[in-house]
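**Q** Got a structure for you, questions after.
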Amino acid sequence: MPALPRLARPALGVLLLVAALASAGCASLSKGECLAQDWYSVGVRDGANGAGEERVLEHAEACVEHGTRPDRAAWEAGRLSGLERYCTVHRGLRAGEHGEHYRGVCGPAGESAFLHGYAIGRELADARSRLDWLDREIAAIEHALDDDKTEKDERKRLRARLVQHEIERFRRQEDLRLAETRAASL
């Protein structure tokens with residue numbers, strides 16, 4: 001194999017370091033977790049975080065280099081127990097508010113409650129996001145109106161846009177209040 005040019009060596013070193021860090025960060029479990037083999041507890045944790053059945057495959061991949069493999073039955077029993085904590089209206093609310101994706105992991109008993117909370121959480125997140133955007137737009141318009149260089153016709157257009165945004169902001173605040181009321185009643 002030919003020697004690398006001197007200038008390429010540091011770049012290769014950085015590339016190898018990044019690859020090593022990236023692959024280490026992708027492991028679903030640490031060496032200690034793999035060797036402890038408490039698959040029921042791992043399953044409980046995964047279920048409580050809304051993990052699907054495919055998560056055990058990630059664990060198998062992470063643990064193969066340590067000479068272990070998951071006990072799928074123990075892991076699945078733990079995951080189902082953890083899903084009982086995850087598949088609730090309050091966890092759905094939190095997941096919706098934080099923009100998490102629902103993976104369809106809740107069974108019939110918990111799914112309707114989870115999705116009810118999730119929908120309200122999405123309403124909260126969407127209303128807050130829209131209000132943040134409107135606040136930035138209003139601030140930018142006000143800044144342009146304060147600028148002496150803004151032309152008369154442009155000022156007229158900006159004032160009309162400002163009124164539209166303020167009306168929409170009022171409506172979005174009402175949407176947020178309604179969603180907060182629904183969330184508080186859960």
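Following the order of the structure tokens, chains are lettered A, B, ..., residues in each are numbered from 1, and ligands are numbered from 1.
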Taking only residues of segment 18-106 of chain A that have an atom at most 10 Å from an atom of segment 115-134 of chain A, what is each one's shortest atom pair and its distance in Å to one decimal, using only C-alpha atoms, in chain and number order, as JSON lines?

**A**
{"residue": "A:Cys87", "atom": "CA", "partner": "A:Leu115", "partner_atom": "CA", "distance": 8.7}
{"residue": "A:Thr88", "atom": "CA", "partner": "A:Gly117", "partner_atom": "CA", "distance": 7.8}
{"residue": "A:Val89", "atom": "CA", "partner": "A:Gly117", "partner_atom": "CA", "distance": 4.5}
{"residue": "A:His90", "atom": "CA", "partner": "A:Gly117", "partner_atom": "CA", "distance": 6.1}
{"residue": "A:Arg91", "atom": "CA", "partner": "A:Gly117", "partner_atom": "CA", "distance": 7.3}
{"residue": "A:Gly92", "atom": "CA", "partner": "A:Tyr118", "partner_atom": "CA", "distance": 4.1}
{"residue": "A:Leu93", "atom": "CA", "partner": "A:Gly117", "partner_atom": "CA", "distance": 4.1}
{"residue": "A:Arg94", "atom": "CA", "partner": "A:Gly121", "partner_atom": "CA", "distance": 6.3}
{"residue": "A:Ala95", "atom": "CA", "partner": "A:Tyr118", "partner_atom": "CA", "distance": 6.3}
{"residue": "A:Gly96", "atom": "CA", "partner": "A:Gly121", "partner_atom": "CA", "distance": 4.1}
{"residue": "A:Glu97", "atom": "CA", "partner": "A:Gly121", "partner_atom": "CA", "distance": 4.2}
{"residue": "A:His98", "atom": "CA", "partner": "A:Ala125", "partner_atom": "CA", "distance": 7.2}
{"residue": "A:Gly99", "atom": "CA", "partner": "A:Arg122", "partner_atom": "CA", "distance": 7.0}
{"residue": "A:Glu100", "atom": "CA", "partner": "A:Tyr118", "partner_atom": "CA", "distance": 9.3}
{"residue": "A:His101", "atom": "CA", "partner": "A:Tyr118", "partner_atom": "CA", "distance": 9.6}
{"residue": "A:Tyr102", "atom": "CA", "partner": "A:Tyr118", "partner_atom": "CA", "distance": 8.5}
{"residue": "A:Gly104", "atom": "CA", "partner": "A:Leu115", "partner_atom": "CA", "distance": 9.7}
{"residue": "A:Cys106", "atom": "CA", "partner": "A:Leu115", "partner_atom": "CA", "distance": 9.4}

**Q** Go ahead and save the picked residues with C-alpha atoms, as a compact mmCIF listing (two decimals), in the first residue's frame.

**A**
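Just written: again.txt:
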# COMPACT_ATOMS: atom_id res chain seq x y z
CA CYS A 87 -49.12 4.29 26.36
CA THR A 88 -50.89 6.85 28.50
CA VAL A 89 -52.58 10.13 27.75
CA HIS A 90 -49.86 12.07 29.63
CA ARG A 91 -46.98 10.46 27.76
CA GLY A 92 -48.86 11.09 24.52
CA LEU A 93 -49.21 14.75 25.48
CA ARG A 94 -45.48 15.01 26.21
CA ALA A 95 -44.52 13.21 23.00
CA GLY A 96 -46.78 15.49 20.95
CA GLU A 97 -45.44 18.65 22.61
CA HIS A 98 -41.84 17.61 21.93
CA GLY A 99 -42.47 16.67 18.31
CA GLU A 100 -41.70 12.99 18.80
CA HIS A 101 -42.97 10.54 16.23
CA TYR A 102 -45.43 7.90 17.36
CA GLY A 104 -47.63 2.65 16.57
CA CYS A 106 -49.40 0.91 21.83

**Q** Can you build me a table of segment 58-174 of chain A residues sitting at most 10 Å from segment 42-49 of chain A, with the closest atom pair per residue and its distance in Å to one decimal, using only C-alpha atoms, sorted by chain and residue number, as JSON lines?

**A**
{"residue": "A:His59", "atom": "CA", "partner": "A:Val42", "partner_atom": "CA", "distance": 9.4}
{"residue": "A:Pro70", "atom": "CA", "partner": "A:Val42", "partner_atom": "CA", "distance": 9.6}
{"residue": "A:Asp71", "atom": "CA", "partner": "A:Gly43", "partner_atom": "CA", "distance": 10.0}
{"residue": "A:Arg72", "atom": "CA", "partner": "A:Gly43", "partner_atom": "CA", "distance": 9.0}
{"residue": "A:Ala73", "atom": "CA", "partner": "A:Gly43", "partner_atom": "CA", "distance": 9.6}
{"residue": "A:Ala74", "atom": "CA", "partner": "A:Gly43", "partner_atom": "CA", "distance": 7.5}
{"residue": "A:Trp75", "atom": "CA", "partner": "A:Gly43", "partner_atom": "CA", "distance": 4.4}
{"residue": "A:Glu76", "atom": "CA", "partner": "A:Gly43", "partner_atom": "CA", "distance": 6.0}
{"residue": "A:Ala77", "atom": "CA", "partner": "A:Gly43", "partner_atom": "CA", "distance": 7.0}
{"residue": "A:Gly78", "atom": "CA", "partner": "A:Gly43", "partner_atom": "CA", "distance": 4.2}
{"residue": "A:Arg79", "atom": "CA", "partner": "A:Gly43", "partner_atom": "CA", "distance": 4.0}
{"residue": "A:Leu80", "atom": "CA", "partner": "A:Gly47", "partner_atom": "CA", "distance": 6.2}
{"residue": "A:Ser81", "atom": "CA", "partner": "A:Val44", "partner_atom": "CA", "distance": 5.8}
{"residue": "A:Gly82", "atom": "CA", "partner": "A:Gly47", "partner_atom": "CA", "distance": 4.0}
{"residue": "A:Leu83", "atom": "CA", "partner": "A:Gly47", "partner_atom": "CA", "distance": 4.4}
{"residue": "A:Glu84", "atom": "CA", "partner": "A:Ala48", "partner_atom": "CA", "distance": 7.4}
{"residue": "A:Arg85", "atom": "CA", "partner": "A:Ala48", "partner_atom": "CA", "distance": 5.6}
{"residue": "A:Tyr86", "atom": "CA", "partner": "A:Ala48", "partner_atom": "CA", "distance": 4.8}
{"residue": "A:Cys87", "atom": "CA", "partner": "A:Ala48", "partner_atom": "CA", "distance": 8.3}
{"residue": "A:Arg91", "atom": "CA", "partner": "A:Asn49", "partner_atom": "CA", "distance": 9.3}
{"residue": "A:Ala95", "atom": "CA", "partner": "A:Asn49", "partner_atom": "CA", "distance": 9.9}
{"residue": "A:Val105", "atom": "CA", "partner": "A:Gly47", "partner_atom": "CA", "distance": 8.7}
{"residue": "A:Cys106", "atom": "CA", "partner": "A:Gly47", "partner_atom": "CA", "distance": 9.6}

**Q** Would you please work out which residue, of A:Ser112, A:Ala184, A:Ser30, A:Ala160, is nearest to Glu65 of chain A when using only C-alpha atoms?

**A**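 The shortest atom-to-atom distance to Glu65 of chain A comes from A:Ser30.
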
**Q** Could you find all residues in segment 66-144 of chain A that DSSP calls alpha helix (DSSP H) from the backbone, and write them as a ChimeraX atom specification?

**A** /A:72-86,89-97,108-144

**Q** Give me the residues within 12 Å of segment 142-147 of chain A as a ChimeraX atom specification, counting only C-alpha atoms and dropping any in the same chain fewer than 2 places off.

**A** /A:135-140,149-163,165-166

**Q** Measure the distance from atom CA of Ile167 of chain A to atom CA of Arg182 of chain A in Å and round it to one decimal.

**A**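 For atom CA of Ile167 of chain A relative to atom CA of Arg182 of chain A, the distance reads 23.1 Å.
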
**Q** Mind checking which residues fall within 12 Å of Lys31 of chain A, counting only C-alpha atoms, ignoring those fewer than 4 positions away in the same chain, and posting them as a PyMOL selection string?

**A** chain A and resi 24+27+35-37+59-69

**Q** Rounded to one decimal, what separation in Å do you get between atom CA of Gly50 of chain A and atom CA of Arg103 of chain A?

**A**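 Separation between atom CA of Gly50 of chain A and atom CA of Arg103 of chain A: 7.4 Å.
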
**Q** Please determine, counting only C-alpha atoms, which residue among A:Leu176, A:Ala51, A:Glu58, A:Glu111 has the shortest atom-to-atom distance to Cys34 of chain A.

**A**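 Closest candidate: A:Glu58.
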
**Q** Could you check how far atom CA of Gly52 of chain A sits from atom CA of Ala179 of chain A, in Å to one decimal?

**A**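 Computing it gives 28.8 Å between the two atoms.
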